[in-house]
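Visitor: Hey, dropping run_30.pdb in here, PDB, C-alpha atoms, pLDDT in the B column:
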```
ATOM      1  CA  MET A   1     169.825 -27.377 -50.439  1.00 80.00           C
ATOM      2  CA  LEU A   2     169.660 -23.980 -48.739  1.00 79.00           C
ATOM      3  CA  MET A   3     173.061 -23.012 -50.124  1.00 82.00           C
ATOM      4  CA  PHE A   4     172.226 -24.288 -53.587  1.00 81.00           C
ATOM      5  CA  VAL A   5     168.883 -22.494 -53.790  1.00 77.00           C
ATOM      6  CA  THR A   6     170.297 -19.274 -52.323  1.00 78.00           C
ATOM      7  CA  GLY A   7     173.242 -19.288 -54.736  1.00 79.00           C
ATOM      8  CA  THR A   8     171.043 -20.046 -57.735  1.00 79.00           C
ATOM      9  CA  LEU A   9     168.667 -17.168 -57.009  1.00 74.00           C
ATOM     10  CA  MET A  10     171.329 -14.598 -56.037  1.00 76.00           C
ATOM     11  CA  PHE A  11     173.957 -15.155 -58.702  1.00 75.00           C
ATOM     12  CA  PHE A  12     171.811 -15.730 -61.768  1.00 74.00           C
ATOM     13  CA  GLY A  13     170.116 -12.551 -62.816  1.00 69.00           C
ATOM     14  CA  PRO A  14     169.231  -9.433 -60.817  1.00 74.00           C
ATOM     15  CA  MET A  15     167.636  -9.806 -57.363  1.00 71.00           C
ATOM     16  CA  LEU A  16     164.177  -8.504 -58.062  1.00 73.00           C
ATOM     17  CA  THR A  17     161.511  -8.162 -55.401  1.00 79.00           C
ATOM     18  CA  TRP A  18     159.797 -11.417 -56.315  1.00 77.00           C
ATOM     19  CA  LYS A  19     163.106 -13.261 -55.961  1.00 78.00           C
ATOM     20  CA  TRP A  20     163.463 -12.118 -52.332  1.00 80.00           C
ATOM     21  CA  TYR A  21     159.951 -13.381 -51.574  1.00 82.00           C
ATOM     22  CA  LEU A  22     160.718 -16.679 -53.326  1.00 83.00           C
ATOM     23  CA  LEU A  23     164.001 -17.029 -51.437  1.00 82.00           C
ATOM     24  CA  GLY A  24     162.308 -16.496 -48.065  1.00 84.00           C
ATOM     25  CA  ALA A  25     159.474 -18.917 -48.871  1.00 87.00           C
ATOM     26  CA  THR A  26     161.981 -21.540 -50.033  1.00 86.00           C
ATOM     27  CA  HIS A  27     164.005 -21.229 -46.837  1.00 85.00           C
ATOM     28  CA  VAL A  28     160.878 -21.655 -44.675  1.00 89.00           C
ATOM     29  CA  PHE A  29     159.782 -24.678 -46.713  1.00 89.00           C
ATOM     30  CA  LEU A  30     163.169 -26.411 -46.492  1.00 87.00           C
ATOM     31  CA  VAL A  31     163.438 -25.833 -42.727  1.00 87.00           C
ATOM     32  CA  ALA A  32     159.920 -27.239 -42.244  1.00 88.00           C
ATOM     33  CA  VAL A  33     160.801 -30.302 -44.326  1.00 86.00           C
ATOM     34  CA  TYR A  34     163.983 -30.828 -42.295  1.00 84.00           C
ATOM     35  CA  LEU A  35     162.097 -30.646 -38.981  1.00 83.00           C
ATOM     36  CA  GLN A  36     159.441 -33.034 -40.265  1.00 79.00           C
ATOM     37  CA  PHE A  37     162.050 -35.602 -41.302  1.00 78.00           C
ATOM     38  CA  LEU A  38     163.733 -35.169 -37.926  1.00 73.00           C
ATOM     39  CA  LEU A  39     160.432 -35.992 -36.208  1.00 66.00           C
ATOM     40  CA  LEU A  40     159.805 -38.989 -38.454  1.00 65.00           C
ATOM     41  CA  SER A  41     163.319 -40.296 -37.777  1.00 66.00           C
ATOM     42  CA  PHE A  42     162.704 -40.051 -34.039  1.00 58.00           C
ATOM     43  CA  LEU A  43     159.398 -41.898 -34.315  1.00 53.00           C
ATOM     44  CA  ALA A  44     160.917 -44.569 -36.531  1.00 53.00           C
ATOM     45  CA  HIS A  45     163.675 -45.320 -34.005  1.00 56.00           C
ATOM     46  CA  ASP A  46     161.669 -44.973 -30.775  1.00 54.00           C
ATOM     47  CA  ARG A  47     159.053 -47.704 -30.415  1.00 55.00           C
ATOM     48  CA  GLU A  48     157.361 -46.124 -27.405  1.00 57.00           C
ATOM     49  CA  ALA A  49     157.049 -42.802 -29.243  1.00 53.00           C
ATOM     50  CA  ILE A  50     155.209 -44.343 -32.182  1.00 56.00           C
ATOM     51  CA  TRP A  51     152.950 -46.247 -29.768  1.00 57.00           C
ATOM     52  CA  HIS A  52     152.009 -42.997 -28.041  1.00 59.00           C
ATOM     53  CA  LEU A  53     151.411 -41.315 -31.384  1.00 64.00           C
ATOM     54  CA  ARG A  54     149.192 -44.134 -32.589  1.00 67.00           C
ATOM     55  CA  GLY A  55     147.303 -44.054 -29.293  1.00 64.00           C
ATOM     56  CA  ALA A  56     146.692 -40.336 -29.785  1.00 77.00           C
ATOM     57  CA  TRP A  57     145.430 -41.008 -33.319  1.00 79.00           C
ATOM     58  CA  GLY A  58     142.983 -43.602 -32.010  1.00 82.00           C
ATOM     59  CA  GLU A  59     141.657 -41.315 -29.271  1.00 88.00           C
ATOM     60  CA  ASP A  60     141.271 -38.396 -31.686  1.00 90.00           C
ATOM     61  CA  ASN A  61     139.365 -40.555 -34.168  1.00 91.00           C
ATOM     62  CA  THR A  62     137.020 -41.886 -31.489  1.00 94.00           C
ATOM     63  CA  ARG A  63     136.467 -38.352 -30.180  1.00 93.00           C
ATOM     64  CA  ASP A  64     135.478 -37.199 -33.670  1.00 94.00           C
ATOM     65  CA  GLU A  65     133.053 -40.106 -34.080  1.00 95.00           C
ATOM     66  CA  LEU A  66     131.455 -39.361 -30.712  1.00 95.00           C
ATOM     67  CA  LYS A  67     130.973 -35.710 -31.668  1.00 95.00           C
ATOM     68  CA  ARG A  68     129.114 -36.847 -34.780  1.00 95.00           C
ATOM     69  CA  ALA A  69     127.106 -39.324 -32.704  1.00 95.00           C
ATOM     70  CA  ARG A  70     126.020 -36.524 -30.382  1.00 95.00           C
ATOM     71  CA  ARG A  71     124.963 -34.346 -33.307  1.00 95.00           C
ATOM     72  CA  ASN A  72     122.977 -37.301 -34.639  1.00 94.00           C
ATOM     73  CA  ARG A  73     121.329 -37.720 -31.206  1.00 93.00           C
ATOM     74  CA  LEU A  74     122.779 -41.196 -30.715  1.00 93.00           C
ATOM     75  CA  ILE A  75     124.274 -40.273 -27.327  1.00 95.00           C
ATOM     76  CA  TRP A  76     123.762 -37.540 -24.750  1.00 96.00           C
ATOM     77  CA  GLY A  77     127.460 -36.737 -24.628  1.00 95.00           C
ATOM     78  CA  CYS A  78     130.852 -37.926 -23.392  1.00 95.00           C
ATOM     79  CA  VAL A  79     133.806 -36.892 -21.254  1.00 95.00           C
ATOM     80  CA  ASP A  80     137.270 -37.706 -22.606  1.00 93.00           C
ATOM     81  CA  SER A  81     140.586 -38.440 -20.926  1.00 90.00           C
ATOM     82  CA  ILE A  82     139.545 -38.799 -17.290  1.00 91.00           C
ATOM     83  CA  ASN A  83     142.754 -39.324 -15.302  1.00 88.00           C
ATOM     84  CA  LEU A  84     142.521 -41.174 -11.994  1.00 85.00           C
ATOM     85  CA  ASN A  85     145.129 -42.200  -9.445  1.00 80.00           C
ATOM     86  CA  ILE A  86     144.846 -45.843 -10.499  1.00 81.00           C
ATOM     87  CA  GLY A  87     144.604 -45.298 -14.251  1.00 83.00           C
ATOM     88  CA  ASP A  88     142.494 -43.430 -16.749  1.00 88.00           C
ATOM     89  CA  VAL A  89     139.355 -43.679 -18.856  1.00 92.00           C
ATOM     90  CA  ASP A  90     139.737 -42.742 -22.526  1.00 92.00           C
ATOM     91  CA  HIS A  91     136.075 -41.910 -23.162  1.00 95.00           C
ATOM     92  CA  LEU A  92     133.136 -42.177 -20.773  1.00 95.00           C
ATOM     93  CA  VAL A  93     130.001 -41.957 -22.902  1.00 96.00           C
ATOM     94  CA  VAL A  94     126.492 -41.255 -21.627  1.00 94.00           C
ATOM     95  CA  THR A  95     124.226 -43.050 -24.077  1.00 93.00           C
ATOM     96  CA  ARG A  96     120.480 -42.768 -24.462  1.00 91.00           C
ATOM     97  CA  ALA A  97     119.527 -46.411 -24.064  1.00 87.00           C
ATOM     98  CA  GLY A  98     122.660 -48.191 -22.899  1.00 86.00           C
ATOM     99  CA  GLY A  99     123.766 -46.568 -19.670  1.00 88.00           C
ATOM    100  CA  LEU A 100     127.387 -45.548 -19.571  1.00 93.00           C
ATOM    101  CA  VAL A 101     130.015 -46.934 -21.950  1.00 95.00           C
ATOM    102  CA  ALA A 102     133.709 -46.820 -21.042  1.00 95.00           C
ATOM    103  CA  MET A 103     135.536 -46.828 -24.379  1.00 95.00           C
ATOM    104  CA  ASP A 104     139.181 -47.729 -24.874  1.00 93.00           C
ATOM    105  CA  SER A 105     140.639 -46.495 -28.174  1.00 92.00           C
ATOM    106  CA  LYS A 106     143.326 -48.655 -29.782  1.00 90.00           C
ATOM    107  CA  TRP A 107     145.296 -48.120 -32.970  1.00 87.00           C
ATOM    108  CA  ARG A 108     146.782 -51.349 -34.278  1.00 86.00           C
ATOM    109  CA  SER A 109     148.310 -52.564 -37.527  1.00 82.00           C
ATOM    110  CA  SER A 110     147.474 -56.143 -36.587  1.00 84.00           C
ATOM    111  CA  VAL A 111     146.376 -58.064 -33.505  1.00 82.00           C
ATOM    112  CA  ASN A 112     146.667 -61.610 -32.222  1.00 87.00           C
ATOM    113  CA  ARG A 113     144.666 -63.504 -29.635  1.00 88.00           C
ATOM    114  CA  ASP A 114     146.971 -62.639 -26.741  1.00 90.00           C
ATOM    115  CA  GLU A 115     146.828 -58.935 -27.545  1.00 89.00           C
ATOM    116  CA  LEU A 116     143.038 -59.055 -27.844  1.00 91.00           C
ATOM    117  CA  THR A 117     142.899 -60.597 -24.369  1.00 92.00           C
ATOM    118  CA  ARG A 118     145.154 -57.868 -22.950  1.00 92.00           C
ATOM    119  CA  MET A 119     143.027 -55.165 -24.532  1.00 92.00           C
ATOM    120  CA  ALA A 120     139.863 -56.775 -23.151  1.00 94.00           C
ATOM    121  CA  ASN A 121     141.345 -56.879 -19.645  1.00 94.00           C
ATOM    122  CA  ASP A 122     142.384 -53.223 -19.921  1.00 93.00           C
ATOM    123  CA  ALA A 123     138.840 -52.303 -21.011  1.00 94.00           C
ATOM    124  CA  ARG A 124     137.296 -54.156 -18.045  1.00 94.00           C
ATOM    125  CA  ARG A 125     139.593 -52.345 -15.631  1.00 93.00           C
ATOM    126  CA  SER A 126     138.677 -49.040 -17.263  1.00 93.00           C
ATOM    127  CA  ALA A 127     134.970 -49.817 -16.808  1.00 93.00           C
ATOM    128  CA  LEU A 128     135.540 -50.697 -13.152  1.00 92.00           C
ATOM    129  CA  ARG A 129     137.324 -47.384 -12.620  1.00 91.00           C
ATOM    130  CA  ALA A 130     134.398 -45.604 -14.284  1.00 92.00           C
ATOM    131  CA  GLU A 131     131.890 -47.411 -12.049  1.00 91.00           C
ATOM    132  CA  ALA A 132     133.827 -46.468  -8.921  1.00 90.00           C
ATOM    133  CA  LEU A 133     134.034 -42.859 -10.055  1.00 91.00           C
ATOM    134  CA  CYS A 134     130.297 -42.690 -10.767  1.00 89.00           C
ATOM    135  CA  ARG A 135     129.453 -44.216  -7.382  1.00 87.00           C
ATOM    136  CA  SER A 136     131.543 -41.494  -5.768  1.00 87.00           C
ATOM    137  CA  LEU A 137     130.255 -38.576  -7.839  1.00 87.00           C
ATOM    138  CA  LEU A 138     126.610 -39.615  -7.967  1.00 80.00           C
ATOM    139  CA  ARG A 139     126.170 -40.735  -4.371  1.00 69.00           C
ATOM    140  CA  PRO A 140     123.006 -39.452  -2.615  1.00 58.00           C
ATOM    141  CA  GLU A 141     123.311 -35.961  -1.271  1.00 53.00           C
ATOM    142  CA  ARG A 142     122.316 -35.130   2.300  1.00 47.00           C
ATOM    143  CA  GLY A 143     118.568 -34.738   2.599  1.00 44.00           C
ATOM    144  CA  ALA A 144     117.829 -35.870  -0.969  1.00 43.00           C
ATOM    145  CA  ARG A 145     118.234 -38.860  -3.213  1.00 45.00           C
ATOM    146  CA  HIS A 146     120.152 -38.255  -6.396  1.00 46.00           C
ATOM    147  CA  ARG A 147     118.185 -39.035  -9.528  1.00 46.00           C
ATOM    148  CA  ALA A 148     120.979 -41.237 -10.845  1.00 43.00           C
ATOM    149  CA  ARG A 149     120.606 -43.417  -7.738  1.00 45.00           C
ATOM    150  CA  GLU A 150     116.947 -43.859  -8.492  1.00 46.00           C
ATOM    151  CA  GLN A 151     117.893 -44.913 -12.035  1.00 49.00           C
ATOM    152  CA  PRO A 152     121.127 -46.928 -11.687  1.00 52.00           C
ATOM    153  CA  ILE A 153     123.508 -46.512 -14.619  1.00 61.00           C
ATOM    154  CA  ALA A 154     125.476 -49.550 -15.771  1.00 72.00           C
ATOM    155  CA  VAL A 155     128.972 -49.143 -17.248  1.00 90.00           C
ATOM    156  CA  THR A 156     129.732 -51.242 -20.331  1.00 92.00           C
ATOM    157  CA  PRO A 157     133.358 -51.783 -21.451  1.00 95.00           C
ATOM    158  CA  LEU A 158     134.106 -51.340 -25.149  1.00 95.00           C
ATOM    159  CA  VAL A 159     137.266 -51.434 -27.266  1.00 95.00           C
ATOM    160  CA  VAL A 160     137.274 -49.265 -30.390  1.00 95.00           C
ATOM    161  CA  VAL A 161     139.911 -50.465 -32.854  1.00 93.00           C
ATOM    162  CA  TRP A 162     141.501 -48.131 -35.401  1.00 91.00           C
ATOM    163  CA  GLY A 163     144.203 -48.606 -37.999  1.00 87.00           C
ATOM    164  CA  PRO A 164     144.569 -51.512 -40.428  1.00 87.00           C
ATOM    165  CA  ALA A 165     143.492 -53.991 -37.711  1.00 88.00           C
ATOM    166  CA  GLN A 166     139.952 -52.579 -37.684  1.00 88.00           C
ATOM    167  CA  HIS A 167     139.291 -54.247 -41.029  1.00 88.00           C
ATOM    168  CA  THR A 168     139.786 -57.651 -39.398  1.00 87.00           C
ATOM    169  CA  VAL A 169     137.352 -57.043 -36.509  1.00 86.00           C
ATOM    170  CA  PRO A 170     134.186 -59.074 -37.149  1.00 85.00           C
ATOM    171  CA  GLU A 171     130.801 -57.553 -36.398  1.00 81.00           C
ATOM    172  CA  ASN A 172     129.755 -57.904 -32.744  1.00 78.00           C
ATOM    173  CA  ALA A 173     133.108 -59.431 -31.820  1.00 89.00           C
ATOM    174  CA  VAL A 174     133.374 -60.331 -28.117  1.00 92.00           C
ATOM    175  CA  VAL A 175     136.613 -61.310 -26.344  1.00 92.00           C
ATOM    176  CA  GLU A 176     136.634 -62.207 -22.646  1.00 91.00           C
ATOM    177  CA  GLY A 177     133.192 -60.668 -22.316  1.00 91.00           C
ATOM    178  CA  VAL A 178     134.253 -57.332 -23.859  1.00 94.00           C
ATOM    179  CA  THR A 179     132.860 -56.087 -27.168  1.00 94.00           C
ATOM    180  CA  PHE A 180     135.256 -54.977 -29.911  1.00 95.00           C
ATOM    181  CA  VAL A 181     134.068 -52.537 -32.574  1.00 95.00           C
ATOM    182  CA  ALA A 182     135.871 -51.247 -35.653  1.00 94.00           C
ATOM    183  CA  GLY A 183     136.209 -47.485 -35.458  1.00 92.00           C
ATOM    184  CA  ARG A 184     134.397 -46.956 -38.752  1.00 92.00           C
ATOM    185  CA  GLN A 185     131.389 -48.876 -37.356  1.00 93.00           C
ATOM    186  CA  LEU A 186     131.139 -47.141 -33.978  1.00 94.00           C
ATOM    187  CA  ARG A 187     128.189 -44.928 -34.891  1.00 93.00           C
ATOM    188  CA  GLU A 188     126.356 -47.938 -36.318  1.00 93.00           C
ATOM    189  CA  TRP A 189     126.958 -49.880 -33.110  1.00 93.00           C
ATOM    190  CA  LEU A 190     125.673 -47.232 -30.683  1.00 92.00           C
ATOM    191  CA  PRO A 191     121.960 -47.473 -31.664  1.00 90.00           C
ATOM    192  CA  GLN A 192     122.086 -51.237 -31.013  1.00 88.00           C
ATOM    193  CA  LEU A 193     122.590 -50.712 -27.274  1.00 86.00           C
ATOM    194  CA  ASP A 194     119.692 -52.032 -25.249  1.00 80.00           C
ATOM    195  CA  GLY A 195     120.226 -51.473 -21.549  1.00 75.00           C
ATOM    196  CA  SER A 196     119.614 -48.839 -18.919  1.00 72.00           C
ATOM    197  CA  THR A 197     117.672 -45.930 -20.392  1.00 81.00           C
ATOM    198  CA  VAL A 198     119.112 -42.563 -19.379  1.00 85.00           C
ATOM    199  CA  ASP A 199     116.765 -39.601 -19.321  1.00 88.00           C
ATOM    200  CA  LYS A 200     117.887 -36.089 -20.183  1.00 91.00           C
ATOM    201  CA  VAL A 201     118.023 -34.755 -16.613  1.00 91.00           C
ATOM    202  CA  VAL A 202     120.224 -37.602 -15.391  1.00 88.00           C
ATOM    203  CA  ALA A 203     122.433 -37.362 -18.464  1.00 91.00           C
ATOM    204  CA  GLU A 204     123.033 -33.631 -18.116  1.00 93.00           C
ATOM    205  CA  ASP A 205     123.749 -33.918 -14.397  1.00 92.00           C
ATOM    206  CA  THR A 206     126.125 -36.844 -14.926  1.00 92.00           C
ATOM    207  CA  LEU A 207     128.031 -35.064 -17.706  1.00 94.00           C
ATOM    208  CA  GLN A 208     128.295 -31.906 -15.614  1.00 94.00           C
ATOM    209  CA  ARG A 209     129.693 -33.763 -12.603  1.00 93.00           C
ATOM    210  CA  LEU A 210     132.162 -35.770 -14.698  1.00 94.00           C
ATOM    211  CA  THR A 211     133.367 -32.651 -16.518  1.00 94.00           C
ATOM    212  CA  ALA A 212     133.831 -30.792 -13.230  1.00 93.00           C
ATOM    213  CA  PHE A 213     135.758 -33.733 -11.758  1.00 92.00           C
ATOM    214  CA  ARG A 214     138.073 -33.919 -14.766  1.00 90.00           C
ATOM    215  CA  ALA A 215     138.775 -30.184 -14.624  1.00 90.00           C
ATOM    216  CA  ALA A 216     139.461 -30.239 -10.877  1.00 89.00           C
ATOM    217  CA  ASN A 217     141.665 -33.311 -11.174  1.00 82.00           C
ATOM    218  CA  SER A 218     143.631 -31.707 -14.009  1.00 77.00           C
ATOM    219  CA  GLU A 219     144.230 -28.609 -11.883  1.00 76.00           C
ATOM    220  CA  ARG A 220     145.478 -30.731  -8.978  1.00 74.00           C
ATOM    221  CA  THR A 221     147.827 -32.636 -11.293  1.00 65.00           C
ATOM    222  CA  THR A 222     149.193 -29.388 -12.741  1.00 64.00           C
ATOM    223  CA  ALA A 223     149.714 -27.947  -9.258  1.00 65.00           C
ATOM    224  CA  ARG A 224     151.633 -31.024  -8.094  1.00 66.00           C
ATOM    225  CA  SER A 225     153.850 -31.079 -11.179  1.00 60.00           C
ATOM    226  CA  SER A 226     154.705 -27.387 -10.813  1.00 58.00           C
TER
END
```
Can the structure in the file be given as C-alpha cells, please?

Guide:
Amino acid sequence: MLMFVTGTLMFFGPMLTWKWYLLGATHVFLVAVYLQFLLLSFLAHDREAIWHLRGAWGEDNTRDELKRARRNRLIWGCVDSINLNIGDVDHLVVTRAGGLVAMDSKWRSSVNRDELTRMANDARRSALRAEALCRSLLRPERGARHRAREQPIAVTPLVVVWGPAQHTVPENAVVEGVTFVAGRQLREWLPQLDGSTVDKVVAEDTLQRLTAFRAANSERTTARSS
C-alpha cells in the first residue's frame, strides 16, 4: 500500500506542496493501521493477553463509575490497585453508610456456575486481605485510640461484572455469600448499602493511610525490580 500510494502521488501530475503533506499523512496512517493490526493479531492468538486486556477494561470502567459516585456523594472515595505480598485488591471503597467495600472487577463474555463460584472465592479472599491491611494501618497509636478503632469498619466483598455477561446478572445476585452487580448498575447499588456508617474524619484518615501505603509499596516494588 505504501508503494502504491507513493507511486500514484509522485508519478501522476506535479508534486505540489499539498501532495507532500498528503503523502506524509498517508504514510503515518498506514503505519498506524499496520501496528494496530499487529496488536490485534497478538491478542487474538494469545489467550492470556486478551484476558489481561479485558481485566484492564473492567478495572478502568469500575474506576470511572467510582469517580462519578464520589462526585454524586455516594461514597467518600476509593483507593485502586493495592498490591500486597499475598495478592491484590482492585478497588477498596470507603462508603458513607456501608463501611468498606472490596470490589473485584471482572470482564466476561459469559459465565457459568463454576466460574461464578471462583469469582466469589476470589472476592472473599480480596476482602480478607483488605481487612488485614486495615487492621494493620488503623491499629491504635501509642497514647491514643484511633478513631477507626472506636468505629469499626466492616469490609464487604463485591464482584462488579462488565462485558456482555453483565446483562445476565440478576439484581441483587448473591453467590457463595458474595454479591454480584452489573457494572452499569454499580452506582444504583451503592446507596442501598446499610451497614457501618463512616463519618468524614474517619473516611479521610482511612483514605490517606491507604493511599500512602499504596505509594510506599509501589516504591518498594520498583526498587526491588530495578

Visitor: Taking all atoms listed in the file into account, name the residue in A:Asn112, A:Thr6, A:Asp199, A:Arg71 that is nearest to Arg96 in chain A.

Guide: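 Ranking A:Asn112, A:Thr6, A:Asp199, A:Arg71 by distance to Arg96 in chain A, first place goes to A:Asp199.
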
Visitor: Which is closest to Val89 in chain A among A:Leu158, A:Leu116, A:Leu210, A:Met103, if we use all atoms listed in the file?

Guide: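 For Val89 in chain A, the nearest of the given residues is A:Met103.
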
Visitor: So that each row is one residue of range 149-173 of chain A with an atom at most 10 Å from range 128-133 of chain A, can you give its shortest atom pair and the distance in Å to one decimal, using all atoms listed in the file, rows by chain and rising number, as CSV?

Guide:
```
residue,atom,partner,partner_atom,distance
A:Ile153,CA,A:Glu131,CA,8.8
A:Ala154,CA,A:Glu131,CA,7.7
A:Val155,CA,A:Glu131,CA,6.2
A:Thr156,CA,A:Leu128,CA,9.3
A:Pro157,CA,A:Leu128,CA,8.6
```

Visitor: Can I get the selected residues back with C-alpha atoms, as a PDB file, keeping the file's coordinate frame?

Guide:
```pdb
ATOM      1  CA  ILE A 153     123.508 -46.512 -14.619  1.00 61.00           C
ATOM      2  CA  ALA A 154     125.476 -49.550 -15.771  1.00 72.00           C
ATOM      3  CA  VAL A 155     128.972 -49.143 -17.248  1.00 90.00           C
ATOM      4  CA  THR A 156     129.732 -51.242 -20.331  1.00 92.00           C
ATOM      5  CA  PRO A 157     133.358 -51.783 -21.451  1.00 95.00           C
TER       6      PRO A 157
END
```

Visitor: Have a look at CA of Gly98 in chain A and CA of Ser196 in chain A and let me know their distance in Å, one decimal.

Guide: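 Atom-to-atom, CA of Gly98 in chain A and CA of Ser196 in chain A are spaced 5.1 Å apart.
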
Visitor: If you measure from CA of His167 in chain A to CA of Leu66 in chain A, what distance in Å do you get, rounded to one decimal?

Guide: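 Atom-to-atom, CA of His167 in chain A and CA of Leu66 in chain A are spaced 19.7 Å apart.
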
Visitor: What do you get, as a CSV table (one decimal) with C-alpha atoms, keeping the file's coordinate frame, if you spell out every residue that the PyMOL selection byres ((chain A and resi 61) around 12) selects here?

Guide:
```csv
chain,number,residue,atom,x,y,z
A,54,ARG,CA,149.2,-44.1,-32.6
A,55,GLY,CA,147.3,-44.1,-29.3
A,56,ALA,CA,146.7,-40.3,-29.8
A,57,TRP,CA,145.4,-41.0,-33.3
A,58,GLY,CA,143.0,-43.6,-32.0
A,59,GLU,CA,141.7,-41.3,-29.3
A,60,ASP,CA,141.3,-38.4,-31.7
A,62,THR,CA,137.0,-41.9,-31.5
A,63,ARG,CA,136.5,-38.4,-30.2
A,64,ASP,CA,135.5,-37.2,-33.7
A,65,GLU,CA,133.1,-40.1,-34.1
A,66,LEU,CA,131.5,-39.4,-30.7
A,67,LYS,CA,131.0,-35.7,-31.7
A,68,ARG,CA,129.1,-36.8,-34.8
A,90,ASP,CA,139.7,-42.7,-22.5
A,91,HIS,CA,136.1,-41.9,-23.2
A,104,ASP,CA,139.2,-47.7,-24.9
A,105,SER,CA,140.6,-46.5,-28.2
A,106,LYS,CA,143.3,-48.7,-29.8
A,107,TRP,CA,145.3,-48.1,-33.0
A,160,VAL,CA,137.3,-49.3,-30.4
A,161,VAL,CA,139.9,-50.5,-32.9
A,162,TRP,CA,141.5,-48.1,-35.4
A,163,GLY,CA,144.2,-48.6,-38.0
A,182,ALA,CA,135.9,-51.2,-35.7
A,183,GLY,CA,136.2,-47.5,-35.5
A,184,ARG,CA,134.4,-47.0,-38.8
A,185,GLN,CA,131.4,-48.9,-37.4
A,186,LEU,CA,131.1,-47.1,-34.0
```

Visitor: Restricting the calculation to all atoms listed in the file, which member of A:Ser126, A:Gln192, A:Gln36, A:Asn121 is positioned closest to Val178 in chain A?

Guide: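 Closest to Val178 in chain A, using all atoms listed in the file: A:Asn121.
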
Visitor: For the structure shown, which residues end up in the PyMOL selection byres ((chain A and resi 1) around 12)? Put them as a list in words, please?

Guide: Leu2, Met3, Phe4, Val5, Thr6, Gly7, Thr8, Leu23, Thr26, His27, Phe29, Leu30, Val31, Val33 and Tyr34 of chain A

Visitor: Would you mind telling me which residue in A:Arg118, A:Arg70, A:Arg124, A:Arg135 lies nearest to Leu190 in chain A when using all atoms listed in the file?

Guide: A:Arg70

Visitor: With only C-alpha atoms as the basis for distance, which of A:Leu38, A:Leu9, A:Val101, A:Val79 is at the shortest distance from Ala212 in chain A?

Guide: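 Checking each of A:Leu38, A:Leu9, A:Val101, A:Val79 against Ala212 in chain A, counting only C-alpha atoms, the winner is A:Val79.
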
Visitor: Could you check the closest approach to Phe213 in chain A for each of A:Asp122, A:Glu115, A:Glu176, A:Asp80 and tell me which residue wins, using only C-alpha atoms?

Guide: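 Closest to Phe213 in chain A of all the choices is A:Asp80.
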
Visitor: Between CA of Leu100 in chain A and CA of Leu207 in chain A, measure the distance and give it in Å to one decimal.

Guide: 10.7 Å

Visitor: Mind checking which residues fall within 10 Å of Val174 in chain A, counting only C-alpha atoms, ignoring those fewer than 5 positions away in the same chain, and posting them as an MDAnalysis selection string?

Guide: chainID A and resid 116 120 158:159 169 179:181

Visitor: Assuming the input is short of atoms at range 13-23 of chain A, produce N, CA, C and O atoms for that part as a CSV table (one decimal), keeping the file's coordinate frame.

Guide:
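Saved file selection-v8.csv follows:
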```csv
chain,number,residue,atom,x,y,z
A,13,GLY,N,171.1,-13.6,-62.5
A,13,GLY,CA,170.1,-12.6,-62.8
A,13,GLY,C,170.0,-11.6,-61.6
A,13,GLY,O,170.4,-11.9,-60.5
A,14,PRO,N,169.4,-10.4,-61.9
A,14,PRO,CA,169.2,-9.4,-60.8
A,14,PRO,C,168.3,-9.9,-59.7
A,14,PRO,O,167.3,-10.7,-60.0
A,15,MET,N,168.5,-9.4,-58.5
A,15,MET,CA,167.6,-9.8,-57.4
A,15,MET,C,166.4,-8.9,-57.3
A,15,MET,O,166.4,-7.8,-56.7
A,16,LEU,N,165.4,-9.3,-58.0
A,16,LEU,CA,164.2,-8.5,-58.1
A,16,LEU,C,163.4,-8.8,-56.8
A,16,LEU,O,163.7,-9.7,-56.1
A,17,THR,N,162.3,-8.0,-56.6
A,17,THR,CA,161.5,-8.2,-55.4
A,17,THR,C,160.9,-9.6,-55.3
A,17,THR,O,161.0,-10.2,-54.2
A,18,TRP,N,160.4,-10.1,-56.4
A,18,TRP,CA,159.8,-11.4,-56.3
A,18,TRP,C,160.8,-12.5,-56.0
A,18,TRP,O,160.4,-13.5,-55.4
A,19,LYS,N,162.1,-12.3,-56.3
A,19,LYS,CA,163.1,-13.3,-56.0
A,19,LYS,C,163.3,-13.3,-54.5
A,19,LYS,O,163.6,-14.4,-53.9
A,20,TRP,N,163.3,-12.1,-53.8
A,20,TRP,CA,163.5,-12.1,-52.3
A,20,TRP,C,162.3,-12.9,-51.6
A,20,TRP,O,162.5,-13.6,-50.7
A,21,TYR,N,161.1,-12.7,-52.1
A,21,TYR,CA,160.0,-13.4,-51.6
A,21,TYR,C,160.1,-14.9,-51.8
A,21,TYR,O,159.9,-15.7,-50.9
A,22,LEU,N,160.5,-15.3,-53.0
A,22,LEU,CA,160.7,-16.7,-53.3
A,22,LEU,C,161.8,-17.3,-52.5
A,22,LEU,O,161.7,-18.4,-52.0
A,23,LEU,N,162.9,-16.5,-52.2
A,23,LEU,CA,164.0,-17.0,-51.4
A,23,LEU,C,163.5,-17.3,-50.0
A,23,LEU,O,163.8,-18.3,-49.4
```
